[in-house]
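Okay, structure first, notes after.
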Amino acid sequence: MVSVAIATCGRVQGVAAGRSFAAVLNQVSCVLLPDDPLALTATSEILAALVIQLPLLNLQEACRRQGVVQPDLRLLLDALTGQEALLMACCEQLLQLALRPEGEARSTLALPLEASVLGTMASALVGHDQLPQACGHDGHALHVEHAMVYMERHMAEMIALRDLCQACYVSSRTLQVSFQRVRGCTPLQALQEIRLASLRKHLLNRVDLREACALVGLPPTGRMAANYKRMFGELPSRTRQRAGWVISPADGLRAPAADYDGRCSDNQYRAEAW
């Protein structure tokens with residue numbers, strides 16, 4: 001575990017990992033890596049501190065997502081200076097959530113806060129005398145790459161911006177900036193494009209339109225059809241018609257698609273309006 005201590009009450013001094021310190025209220029006092037020694041001398045009767053502990057592997061992975069393959073965690077003490085208010089605010093919310101009963105609401109709120117703490121520490125390291133390793137990508141490109149992989153793997157599910165931020169261990173602002181620089185759009189606009197492109201692929205493979213929408217997490221609405229036409233120049237039903245016979249993966253039923261002029265074939269199979 002990596003431990004970060006922020007003094008909140010009292011006075012204390014000591015030596016952490018061979019580095020002397022005198023605690024200042026509401027500022028990072030010391031950072032301990034696994035097996036680092038700590039010696040404290042209290043100079044007041046009452047002491048209190050916020051101690052944040054994070055798995056070492058999770059922090060290293062968050063740094064890699066920020067573009068630093070081999071982060072120097074010894075720089076964390078200096079790097080976090082000025083970030084205390086954000087860390088303490090997130091941890092205060094986490095402590096309040098810990099008092100709530102276990103449940104979906106608690107998990108939904110806690111995970112983004114935990115990701116914010118991890119992302120703040122990783123971002124601080126990246127900006128503090130750290131240069132991305134020569135891996136062919138800058139930090140923004142890495143954020144976009146990780147977010148796109150998450151979109152592909154969870155396409156059929158509901159995906160919110162906070163889900164992408166949690167998967168990439170970055171704040172919403174960082175992810176928005178990364179997508180604007182790399183792709184010239186927002187993360188959710190990119191998600192829409194990926195879903196529409198996948199929908200077209202399913203339709204060309206003769207999957208039923210409603211089944212294809214379910215596979216890519218899109219509702220079969222007029223708005224979806226308008227976005228599809230804006231992107232590909234034709235309605236989804238037209239793409240399906242051109243593919244020929246329609247196959248439903250749910251029940252295996254097949255039906256002839258409508259003719260190119262929009263008329264139904266002899267069995268009076270009717271294509272959806274959208």
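Ordered as shown in the structure tokens, chains take letters A, B, and onward, while each chain numbers its residues from 1 and ligands are numbered from 1 in the order shown.
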If you count only C-alpha atoms, which residues fall within 12 Å of Cys63 in chain A, apart from same-chain ones fewer than 5 positions away, as a PDB file with N, CA and C atoms, in the first residue's frame?
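Generated output (out_29.pdb):
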```
ATOM      1  N   LEU A  56      -0.559  -0.170  -4.230  1.00  0.00           N
ATOM      2  CA  LEU A  56       0.560   0.283  -5.052  1.00  0.00           C
ATOM      3  C   LEU A  56       0.321  -0.004  -6.534  1.00  0.00           C
ATOM      4  N   LEU A  57      -0.184  -1.203  -6.839  1.00  0.00           N
ATOM      5  CA  LEU A  57      -0.392  -1.580  -8.241  1.00  0.00           C
ATOM      6  C   LEU A  57      -1.437  -0.692  -8.903  1.00  0.00           C
ATOM      7  N   ASN A  58      -2.476  -0.316  -8.152  1.00  0.00           N
ATOM      8  CA  ASN A  58      -3.505   0.557  -8.727  1.00  0.00           C
ATOM      9  C   ASN A  58      -2.946   1.929  -9.067  1.00  0.00           C
ATOM     10  N   VAL A  68       2.866   7.697 -18.009  1.00  0.00           N
ATOM     11  CA  VAL A  68       4.145   7.456 -17.338  1.00  0.00           C
ATOM     12  C   VAL A  68       4.250   5.967 -17.016  1.00  0.00           C
ATOM     13  N   VAL A  69       5.150   5.282 -17.687  1.00  0.00           N
ATOM     14  CA  VAL A  69       5.257   3.838 -17.535  1.00  0.00           C
ATOM     15  C   VAL A  69       5.922   3.460 -16.221  1.00  0.00           C
ATOM     16  N   GLN A  70       6.972   4.182 -15.837  1.00  0.00           N
ATOM     17  CA  GLN A  70       7.699   3.886 -14.610  1.00  0.00           C
ATOM     18  C   GLN A  70       7.749   5.138 -13.727  1.00  0.00           C
ATOM     19  N   PRO A  71       6.687   5.415 -12.999  1.00  0.00           N
ATOM     20  CA  PRO A  71       6.641   6.639 -12.178  1.00  0.00           C
ATOM     21  C   PRO A  71       7.584   6.547 -10.989  1.00  0.00           C
ATOM     22  N   ASP A  72       8.174   7.684 -10.631  1.00  0.00           N
ATOM     23  CA  ASP A  72       9.009   7.769  -9.439  1.00  0.00           C
ATOM     24  C   ASP A  72       8.107   8.189  -8.279  1.00  0.00           C
ATOM     25  N   LEU A  73       7.637   7.218  -7.509  1.00  0.00           N
ATOM     26  CA  LEU A  73       6.681   7.506  -6.444  1.00  0.00           C
ATOM     27  C   LEU A  73       7.305   8.300  -5.302  1.00  0.00           C
ATOM     28  N   LEU A  76       6.033  11.807  -4.929  1.00  0.00           N
ATOM     29  CA  LEU A  76       4.627  12.020  -4.611  1.00  0.00           C
ATOM     30  C   LEU A  76       4.438  13.060  -3.514  1.00  0.00           C
ATOM     31  N   LEU A 118      -7.415   8.548  -6.830  1.00  0.00           N
ATOM     32  CA  LEU A 118      -6.340   7.871  -7.553  1.00  0.00           C
ATOM     33  C   LEU A 118      -5.872   8.716  -8.731  1.00  0.00           C
ATOM     34  N   GLY A 119      -6.824   9.286  -9.469  1.00  0.00           N
ATOM     35  CA  GLY A 119      -6.469  10.104 -10.624  1.00  0.00           C
ATOM     36  C   GLY A 119      -5.721  11.371 -10.238  1.00  0.00           C
ATOM     37  N   THR A 120      -6.096  11.973  -9.105  1.00  0.00           N
ATOM     38  CA  THR A 120      -5.404  13.180  -8.639  1.00  0.00           C
ATOM     39  C   THR A 120      -3.942  12.888  -8.343  1.00  0.00           C
ATOM     40  N   MET A 121      -3.690  11.780  -7.678  1.00  0.00           N
ATOM     41  CA  MET A 121      -2.306  11.427  -7.346  1.00  0.00           C
ATOM     42  C   MET A 121      -1.494  11.125  -8.601  1.00  0.00           C
ATOM     43  N   ALA A 122      -2.096  10.400  -9.528  1.00  0.00           N
ATOM     44  CA  ALA A 122      -1.384  10.069 -10.766  1.00  0.00           C
ATOM     45  C   ALA A 122      -1.112  11.326 -11.586  1.00  0.00           C
ATOM     46  N   SER A 123      -2.116  12.206 -11.694  1.00  0.00           N
ATOM     47  CA  SER A 123      -1.935  13.446 -12.457  1.00  0.00           C
ATOM     48  C   SER A 123      -0.851  14.325 -11.847  1.00  0.00           C
ATOM     49  N   ALA A 124      -0.796  14.357 -10.507  1.00  0.00           N
ATOM     50  CA  ALA A 124       0.233  15.152  -9.839  1.00  0.00           C
ATOM     51  C   ALA A 124       1.629  14.636 -10.178  1.00  0.00           C
ATOM     52  N   LEU A 125       1.772  13.328 -10.223  1.00  0.00           N
ATOM     53  CA  LEU A 125       3.068  12.749 -10.568  1.00  0.00           C
ATOM     54  C   LEU A 125       3.450  13.046 -12.010  1.00  0.00           C
ATOM     55  N   VAL A 126       2.482  12.955 -12.908  1.00  0.00           N
ATOM     56  CA  VAL A 126       2.761  13.197 -14.320  1.00  0.00           C
ATOM     57  C   VAL A 126       3.238  14.628 -14.534  1.00  0.00           C
ATOM     58  N   GLY A 127       2.659  15.561 -13.797  1.00  0.00           N
ATOM     59  CA  GLY A 127       3.029  16.956 -13.981  1.00  0.00           C
ATOM     60  C   GLY A 127       4.217  17.405 -13.155  1.00  0.00           C
ATOM     61  N   GLN A 130       7.928  14.592 -14.440  1.00  0.00           N
ATOM     62  CA  GLN A 130       7.769  13.277 -15.043  1.00  0.00           C
ATOM     63  C   GLN A 130       7.516  13.466 -16.529  1.00  0.00           C
ATOM     64  N   LEU A 131       8.197  12.730 -17.350  1.00  0.00           N
ATOM     65  CA  LEU A 131       7.977  12.772 -18.783  1.00  0.00           C
ATOM     66  C   LEU A 131       7.449  11.432 -19.239  1.00  0.00           C
ATOM     67  N   PRO A 132       6.454  11.410 -20.110  1.00  0.00           N
ATOM     68  CA  PRO A 132       5.956  10.135 -20.615  1.00  0.00           C
ATOM     69  C   PRO A 132       7.077   9.338 -21.268  1.00  0.00           C
ATOM     70  N   GLN A 133       7.055   8.043 -21.066  1.00  0.00           N
ATOM     71  CA  GLN A 133       8.050   7.172 -21.675  1.00  0.00           C
ATOM     72  C   GLN A 133       7.801   7.083 -23.171  1.00  0.00           C
ATOM     73  N   GLY A 139      -0.066  11.425 -23.222  1.00  0.00           N
ATOM     74  CA  GLY A 139      -1.039  11.130 -22.185  1.00  0.00           C
ATOM     75  C   GLY A 139      -2.470  11.212 -22.679  1.00  0.00           C
ATOM     76  N   LEU A 142      -3.469   8.203 -24.697  1.00  0.00           N
ATOM     77  CA  LEU A 142      -3.669   7.030 -23.849  1.00  0.00           C
ATOM     78  C   LEU A 142      -5.039   7.055 -23.182  1.00  0.00           C
ATOM     79  N   HIS A 143      -5.465   8.236 -22.709  1.00  0.00           N
ATOM     80  CA  HIS A 143      -6.791   8.341 -22.102  1.00  0.00           C
ATOM     81  C   HIS A 143      -7.867   7.945 -23.104  1.00  0.00           C
ATOM     82  N   CYS A 168     -10.669   5.074 -16.731  1.00  0.00           N
ATOM     83  CA  CYS A 168      -9.394   5.677 -17.134  1.00  0.00           C
ATOM     84  C   CYS A 168      -8.633   6.309 -15.974  1.00  0.00           C
ATOM     85  N   TYR A 169      -9.236   6.338 -14.783  1.00  0.00           N
ATOM     86  CA  TYR A 169      -8.608   6.934 -13.600  1.00  0.00           C
ATOM     87  C   TYR A 169      -8.259   8.409 -13.833  1.00  0.00           C
ATOM     88  N   VAL A 170      -9.161   9.143 -14.460  1.00  0.00           N
ATOM     89  CA  VAL A 170      -8.940  10.567 -14.679  1.00  0.00           C
ATOM     90  C   VAL A 170     -10.230  11.323 -14.364  1.00  0.00           C
TER      91      VAL A 170
END
```
Which residues come within 7 Å of range 175-184 of chain A, counting only C-alpha atoms, excluding same-chain residues fewer than 6 positions away, as an MDAnalysis selection string?
chainID A and resid 140:141 143:144 165
Okay, now the selection with C-alpha atoms, as a compact mmCIF listing (two decimals), in the first residue's frame?
```
# COMPACT_ATOMS: atom_id res chain seq x y z
CA HIS A 140 -4.16 12.39 -23.99
CA ALA A 141 -3.95 9.64 -26.59
CA HIS A 143 -6.79 8.34 -22.10
CA VAL A 144 -8.73 8.16 -25.36
CA CYS A 165 -13.57 8.49 -16.04
```
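Comparing A:Ile46, A:Leu77, A:Val2, A:Cys185 by their smallest distance to Phe21 in chain A, the closest is A:Leu77 (using only C-alpha atoms).
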Using only C-alpha atoms, which residue out of A:Ile52, A:Val207, A:Val15, A:Met231 lies closest to Leu40 in chain A?
A:Val15
Can you tell me, as a ChimeraX atom specification, which residues in range 171-212 of chain A count as helix (DSSP H, G or I) by DSSP?
/A:172-182,187-204,209-212
Closest to Pro236 in chain A among A:Ala214, A:Leu99, A:Leu196, A:Met88, using only C-alpha atoms?
A:Leu196
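Across the model, the gap from CA of Val24 in chain A to CA of Ala7 in chain A is 6.4 Å.
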Would you compute the distance between CA of Val4 in chain A and CA of Ala89 in chain A? Give it in Å to one decimal.
14.7 Å
Residue among A:Leu215, A:Ala85, A:Met151, A:Ala5 lying closest to Pro187 in chain A, counting only C-alpha atoms
A:Met151
Just give me the gap between CA of Leu164 in chain A and CA of Arg64 in chain A in Å, one decimal is fine.
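Straight-line distance from CA of Leu164 in chain A to CA of Arg64 in chain A works out to 16.2 Å.
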Need the shell around Pro220 in chain A: protein/DNA/RNA residues with any atom at most 12 Å away, counting only C-alpha atoms. Skip same-chain ones fewer than 5 positions apart. Format as a count of residues only?
20
Calculated over only C-alpha atoms, which of the candidates A:Leu95, A:Val12, A:Leu161, A:Leu204 has the smallest distance to Ala49 in chain A?
A:Val12
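Here the DSSP assignment of strand (DSSP E or B), based on backbone atoms, applies within range 35-269 of chain A to A:Leu38, A:Ala39, A:Leu40, A:Thr41, A:Ala42, A:Ala48, A:Ala49, A:Leu50, A:Val51, A:Ile52, A:Gln53, A:Leu54, A:Val207, A:Val246, A:Ile247, A:Arg254, A:Ala255.
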Just N, CA and C atoms for this one: save the residues we selected as a compact mmCIF listing (two decimals), in the first residue's frame.
```txt
# COMPACT_ATOMS: atom_id res chain seq x y z
N LEU A 38 8.80 4.63 9.68
CA LEU A 38 8.20 5.89 10.14
C LEU A 38 8.47 6.05 11.63
N ALA A 39 8.95 7.23 12.04
CA ALA A 39 9.17 7.55 13.45
C ALA A 39 8.53 8.90 13.73
N LEU A 40 7.68 8.96 14.76
CA LEU A 40 6.93 10.18 15.07
C LEU A 40 7.24 10.67 16.48
N THR A 41 7.23 11.98 16.65
CA THR A 41 7.35 12.60 17.96
C THR A 41 6.24 13.64 18.09
N ALA A 42 5.30 13.39 19.00
CA ALA A 42 4.17 14.30 19.18
C ALA A 42 4.57 15.47 20.06
N ALA A 48 -4.55 14.39 15.15
CA ALA A 48 -5.50 13.81 14.19
C ALA A 48 -4.93 14.01 12.79
N ALA A 49 -5.18 13.03 11.93
CA ALA A 49 -4.69 13.12 10.56
C ALA A 49 -5.58 12.29 9.65
N LEU A 50 -5.66 12.71 8.42
CA LEU A 50 -6.31 11.92 7.37
C LEU A 50 -5.24 11.06 6.72
N VAL A 51 -5.41 9.76 6.78
CA VAL A 51 -4.44 8.84 6.17
C VAL A 51 -5.12 8.13 5.01
N ILE A 52 -4.60 8.35 3.82
CA ILE A 52 -5.14 7.73 2.61
C ILE A 52 -4.22 6.59 2.22
N GLN A 53 -4.79 5.40 2.06
CA GLN A 53 -4.01 4.23 1.64
C GLN A 53 -4.54 3.70 0.32
N LEU A 54 -3.64 3.53 -0.63
CA LEU A 54 -4.01 3.05 -1.96
C LEU A 54 -3.13 1.86 -2.33
N VAL A 207 -28.74 -8.73 -39.43
CA VAL A 207 -29.36 -8.86 -38.11
C VAL A 207 -30.60 -7.97 -38.08
N VAL A 246 -33.34 -10.77 -43.63
CA VAL A 246 -33.11 -10.34 -42.26
C VAL A 246 -33.14 -11.55 -41.34
N ILE A 247 -32.13 -11.68 -40.49
CA ILE A 247 -32.03 -12.81 -39.56
C ILE A 247 -32.09 -12.28 -38.15
N ARG A 254 -36.70 -15.47 -40.22
CA ARG A 254 -36.16 -14.73 -41.35
C ARG A 254 -37.32 -14.17 -42.16
N ALA A 255 -37.16 -13.02 -42.73
CA ALA A 255 -38.20 -12.43 -43.56
C ALA A 255 -37.55 -11.65 -44.69
```
Return the single residue from A:Arg74, A:Glu61, A:Gly67, A:Cys9 that is closest to Val31 in chain A, with distances computed using only C-alpha atoms.
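For Val31 in chain A, the nearest of the candidates is A:Arg74.
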